[in-house]
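The structure appears right after this line, and notes come after that.
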Amino acid sequence: MSTPSATPRRANLMLALATVGFVVNFWAWALLSPLAVRFTTELGLTSFQQALLVAVPVVVGSVGRIPVGALTDRFGGRVMFPLVSLATIVPVLYLGLWGHNALASLLIGGFFLGIGGTAFAVGVPFVNAWFPPHRRGFAVGVFGAGMGGTAVSALTTVKLVDAGSTATPFLLTAAVLAVYAVVAWLVLRDAPDRPVPTAPLSQRLAATLRLKITWQASALYAVAFGGYVAFSVYLPAYLKTAYGLTQADAANRMAGFVLLAVIMRPVGGWLSDKVAPTRVLAVSLSVVIAGAVVQSFTPGLAPIGTIAFLAMAAALGAGSGATFALVAQNAPANQVGSVTGVVGAAGGLGGFVPPLVMGTIYGQFQSYALGLALLAVVALAALLLDVLSVGRNRSGSVAHV
């Protein structure tokens with residue numbers, strides 16, 4: 001399937017609007033992370049409770065991508081983008097106005113805040129349908145840069161709370177979500193030749209799970225995007241605990257990590273259009289292994305620690321872009337949303353586990369070294385999968401398990 005070349009401007013407009021939607025929904029999805037240290041102090045949370053607070057939206061947003069991706073295959077992004085954005089407004093307002101005074105209410109609000117994280121499974125099949133195969137890696141990479149919404153949250157949330165009240169960033173985000181939902185409904189249009197599946201949802205999900213690319217890409221994305229998510233939600237707490245940084249300084253450094261990963265995601269997609277995505281992944285995972293090993297010794301933040309984290313940010317961003325270039329090349333056109341949902345869920349779940357592990361390990365040993373060493377081991381396993389299994393698949397083939 002390829003979209004007629006006579007409509008490149010419209011395709012680019014759809015890409016831009018989808019990317020904005022991803023930014024806005026991810027901004028909402030990440031609202032709790034920059035405030036985790038503040039809530040920990042105010043509510044007397046343990047390190048595990050703090051990690052759980054930032055991880056709950058991640059796991060819900062991840063698992064929710066499976067049905068949302070399948071629904072996007074059926075109903076299209078023009079319906080699903082406004083729907084997801086409007087649904088996300090409810091937990092945002094709840095957390096800002098009533099739900100931030102106790103751990104239980106924060107966890108409830110965070111659970112439904114996870115809806116914002118499902119926007120990823122809407123955008124990938126929507127964008128994929130608008131672009132021909134030789135441009136999909138770059139196009140999906142550009143859309144994936146919308147994960148920079150977490151940087152927007154990191155840079156603004158604490159400042160808005162300090163300037164106003166705890167409710168301020170939540171009210172602002174809710175307003176932006178509402179505006180985007182209206183614009184998306186009025187302007188977004190699905191690709192005219194978008195394949196629409198007719199089989200029942202359960203049957204389509206079962207068929208998706210039989211595809212080898214689903215499981216291979218899930219494992220790779222769990223490490224690449226999961227690593228990015230884990231650092232983006234836990235890095236402020238890590239920097240404050242390991243290096244004694246202030247909350248604002250830690251949030252700013254986390255934003256730098258996120259921005260570099262965001263920039264490198266379309267680069268990874270573009271490189272995958274030029275060379276095999278598996279080669280981009282091999283280099284990316286090798287860099288993650290080296291960076292995690294170096295950082296496990298907790299070197300000085302300037303310059304070794306900073307270099308290690310920035311190298312991992314670039315590698316995780318490029319690896320995330322390469323993974324979905326792999327999906328675009330190998331998934332059947334009418335199953336891209338379903339495959340994206342499962343793979344996206346794996347990536348989010350990959351980000352759910354590390355903060356809990358890191359919090360538990362630090363609470364037990366007062367050190368993060370073991371957690372970072374585990375990251376290196378997991379990245380090595382992903383590298384072996386990429387080189388020994390995925391790299392041997394023929395591009396464009398549809399293999400079943």
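Identifiers for the structure tokens are assigned positionally: chains receive A, B, ... in sequence, residues are indexed from 1 per chain, and ligands are indexed from 1 in the order shown.
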
What's around Gly77 in chain A at 6 Å? Count only C-alpha atoms, leave out sequence neighbours fewer than 4 positions away in its own chain, and write the answer as a PDB file with N, CA and C atoms, in the first residue's frame.
ATOM      1  N   THR A  72      -7.919   1.602  16.356  1.00  0.00           N
ATOM      2  CA  THR A  72      -7.466   2.556  15.347  1.00  0.00           C
ATOM      3  C   THR A  72      -7.427   1.913  13.968  1.00  0.00           C
ATOM      4  N   PHE A  81      -7.975   9.923  17.875  1.00  0.00           N
ATOM      5  CA  PHE A  81      -7.172  10.998  18.483  1.00  0.00           C
ATOM      6  C   PHE A  81      -8.030  11.924  19.353  1.00  0.00           C
ATOM      7  N   VAL A 122      -2.412   5.166  18.412  1.00  0.00           N
ATOM      8  CA  VAL A 122      -3.283   5.822  17.432  1.00  0.00           C
ATOM      9  C   VAL A 122      -2.445   6.398  16.294  1.00  0.00           C
ATOM     10  N   PHE A 126      -1.976   5.601  11.877  1.00  0.00           N
ATOM     11  CA  PHE A 126      -2.508   6.766  11.171  1.00  0.00           C
ATOM     12  C   PHE A 126      -1.450   7.352  10.234  1.00  0.00           C
TER      13      PHE A 126
END

* Might you pull out every residue within 8 Å of range 145-154 of chain A, with only C-alpha atoms counted and same-chain residues fewer than 3 positions away left off, and present them as a PyMOL selection string? => chain A and resi 19-31+33-34+141-142+157-158+232+251-252+254-256+258-259+262-263+265-266

Write out as a tab-separated table (two decimals) with C-alpha atoms, in the first residue's frame each polymer residue whose atoms come within 8 Å of Tyr234 in chain A, counting only C-alpha atoms; drop sequence neighbours fewer than 2 positions from it.
chain	number	residue	atom	x	y	z
A	33	SER	CA	6.89	12.32	37.37
A	51	ALA	CA	8.52	4.53	42.10
A	54	VAL	CA	5.34	7.31	38.54
A	230	ALA	CA	12.23	4.35	32.75
A	231	PHE	CA	14.87	7.09	32.72
A	232	SER	CA	12.36	9.82	31.88
A	236	PRO	CA	14.88	13.09	38.65
A	237	ALA	CA	14.69	10.86	41.72
A	238	TYR	CA	17.94	9.10	40.75
A	355	PRO	CA	11.71	2.21	38.27

Interface rows for range 16-92 of chain A against range 105-116 of chain A: nearest pair, Å to one decimal, 12 Å, only C-alpha atoms, as CSV:
residue,atom,partner,partner_atom,distance
A:Gly21,CA,A:Gly116,CA,9.9
A:Phe22,CA,A:Gly116,CA,8.6
A:Val23,CA,A:Gly116,CA,10.0
A:Val24,CA,A:Gly116,CA,8.5
A:Asn25,CA,A:Gly116,CA,4.8
A:Phe26,CA,A:Gly116,CA,6.1
A:Trp27,CA,A:Gly116,CA,8.4
A:Ala28,CA,A:Gly116,CA,6.4
A:Trp29,CA,A:Gly116,CA,5.1
A:Ala30,CA,A:Leu113,CA,8.6
A:Leu31,CA,A:Leu113,CA,8.8
A:Leu32,CA,A:Gly110,CA,7.6
A:Ser33,CA,A:Gly110,CA,10.3
A:Leu35,CA,A:Leu106,CA,11.2
A:Ala36,CA,A:Leu106,CA,10.4
A:Phe39,CA,A:Leu106,CA,9.4
A:Thr40,CA,A:Leu106,CA,11.5
A:Leu43,CA,A:Leu106,CA,10.8
A:Leu45,CA,A:Leu106,CA,11.9
A:Gln49,CA,A:Leu107,CA,9.9
A:Gln50,CA,A:Leu107,CA,10.5
A:Ala51,CA,A:Leu107,CA,11.3
A:Leu52,CA,A:Leu107,CA,8.2
A:Leu53,CA,A:Leu107,CA,6.1
A:Val54,CA,A:Gly110,CA,7.9
A:Ala55,CA,A:Gly110,CA,8.7
A:Val56,CA,A:Phe111,CA,5.7
A:Pro57,CA,A:Gly114,CA,4.1
A:Val58,CA,A:Gly114,CA,6.1
A:Val59,CA,A:Gly114,CA,7.3
A:Val60,CA,A:Gly114,CA,4.8
A:Gly61,CA,A:Gly114,CA,4.0
A:Ser62,CA,A:Gly114,CA,7.6
A:Val63,CA,A:Gly114,CA,9.1
A:Gly64,CA,A:Ile115,CA,7.0
A:Arg65,CA,A:Ile115,CA,8.7
A:Ile66,CA,A:Ile115,CA,11.8
A:Pro67,CA,A:Ile115,CA,11.5
A:Val68,CA,A:Ile115,CA,9.6
A:Met80,CA,A:Gly116,CA,11.7
A:Phe81,CA,A:Gly116,CA,10.1
A:Pro82,CA,A:Gly116,CA,11.2
A:Leu83,CA,A:Ile115,CA,10.2
A:Val84,CA,A:Gly116,CA,6.6
A:Ser85,CA,A:Gly116,CA,6.8
A:Leu86,CA,A:Gly116,CA,9.4
A:Ala87,CA,A:Ile115,CA,7.1
A:Thr88,CA,A:Gly116,CA,5.5
A:Ile89,CA,A:Leu113,CA,8.5
A:Val90,CA,A:Phe112,CA,8.2
A:Pro91,CA,A:Gly109,CA,5.3
A:Val92,CA,A:Leu113,CA,6.6

* So, counting only C-alpha atoms, which residue among A:Val275, A:Leu211, A:Ala373, A:Leu15 is closest to Ile361 in chain A? -> A:Ala373

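Within 12 Å of Phe297 in chain A, once only C-alpha atoms are used and residues closer than 4 positions along the same chain are dropped, the contacting residues are A:Ala242, A:Ala290, A:Gly291, A:Ala292, A:Val293, A:Leu301, A:Ile304, A:Gly305, A:Ala308, A:Ser367, A:Tyr368, A:Ala369, A:Leu370, A:Gly371, A:Leu372, A:Ala373.
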
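If you look at CA of Ala139 in chain A and CA of Ser202 in chain A, they are 29.1 Å away from each other.
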
* Go through A:Leu260, A:Val357, A:Tyr180, A:Thr298 one by one, measure the shortest atom-to-atom distance of each to Thr241 in chain A using only C-alpha atoms, and give the residue with the smallest value. => A:Thr298

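Considering only C-alpha atoms, the residue among A:Phe75, A:Trp98, A:Phe324, A:Phe257 positioned nearest to Gly227 in chain A is A:Phe257.
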
Interface rows for range 88-144 of chain A against range 326-330 of chain A: nearest pair, Å to one decimal, 10 Å, only C-alpha atoms, as a Markdown table:
| residue | atom | partner | partner_atom | distance |
| --- | --- | --- | --- | --- |
| A:Val124 | CA | A:Ala328 | CA | 9.1 |
| A:Pro125 | CA | A:Ala328 | CA | 9.0 |
| A:Asn128 | CA | A:Ala328 | CA | 7.2 |
| A:Ala129 | CA | A:Ala328 | CA | 9.9 |
| A:Pro133 | CA | A:Gln329 | CA | 7.1 |
| A:His134 | CA | A:Gln329 | CA | 8.9 |
| A:Arg135 | CA | A:Ala328 | CA | 9.8 |
| A:Arg136 | CA | A:Ala328 | CA | 6.5 |
| A:Gly137 | CA | A:Ala328 | CA | 6.9 |
| A:Val140 | CA | A:Ala328 | CA | 8.5 |

* **Which of A:Leu93, A:Ala382, A:Arg9, A:Tyr243 sits closest to Leu177 in chain A [using only C-alpha atoms]** => A:Leu93

* Rounded to one decimal place, report the CA of Ala18 in chain A-CA of Leu188 in chain A distance in Å. => 8.1 Å

* Asked: What residues in range 169-251 of chain A get the DSSP label helix (DSSP H, G or I)? Please answer as a PyMOL selection string.
  -> chain A and resi 169-187+201-209+212-243+247-251

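Proximity ranking of A:Val390, A:Leu349, A:Ala224, A:Ala313 relative to Pro277 in chain A places A:Val390 first, based on only C-alpha atoms.
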
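As for CA of Ala311 in chain A and CA of Ala261 in chain A, they are spaced 9.3 Å apart.
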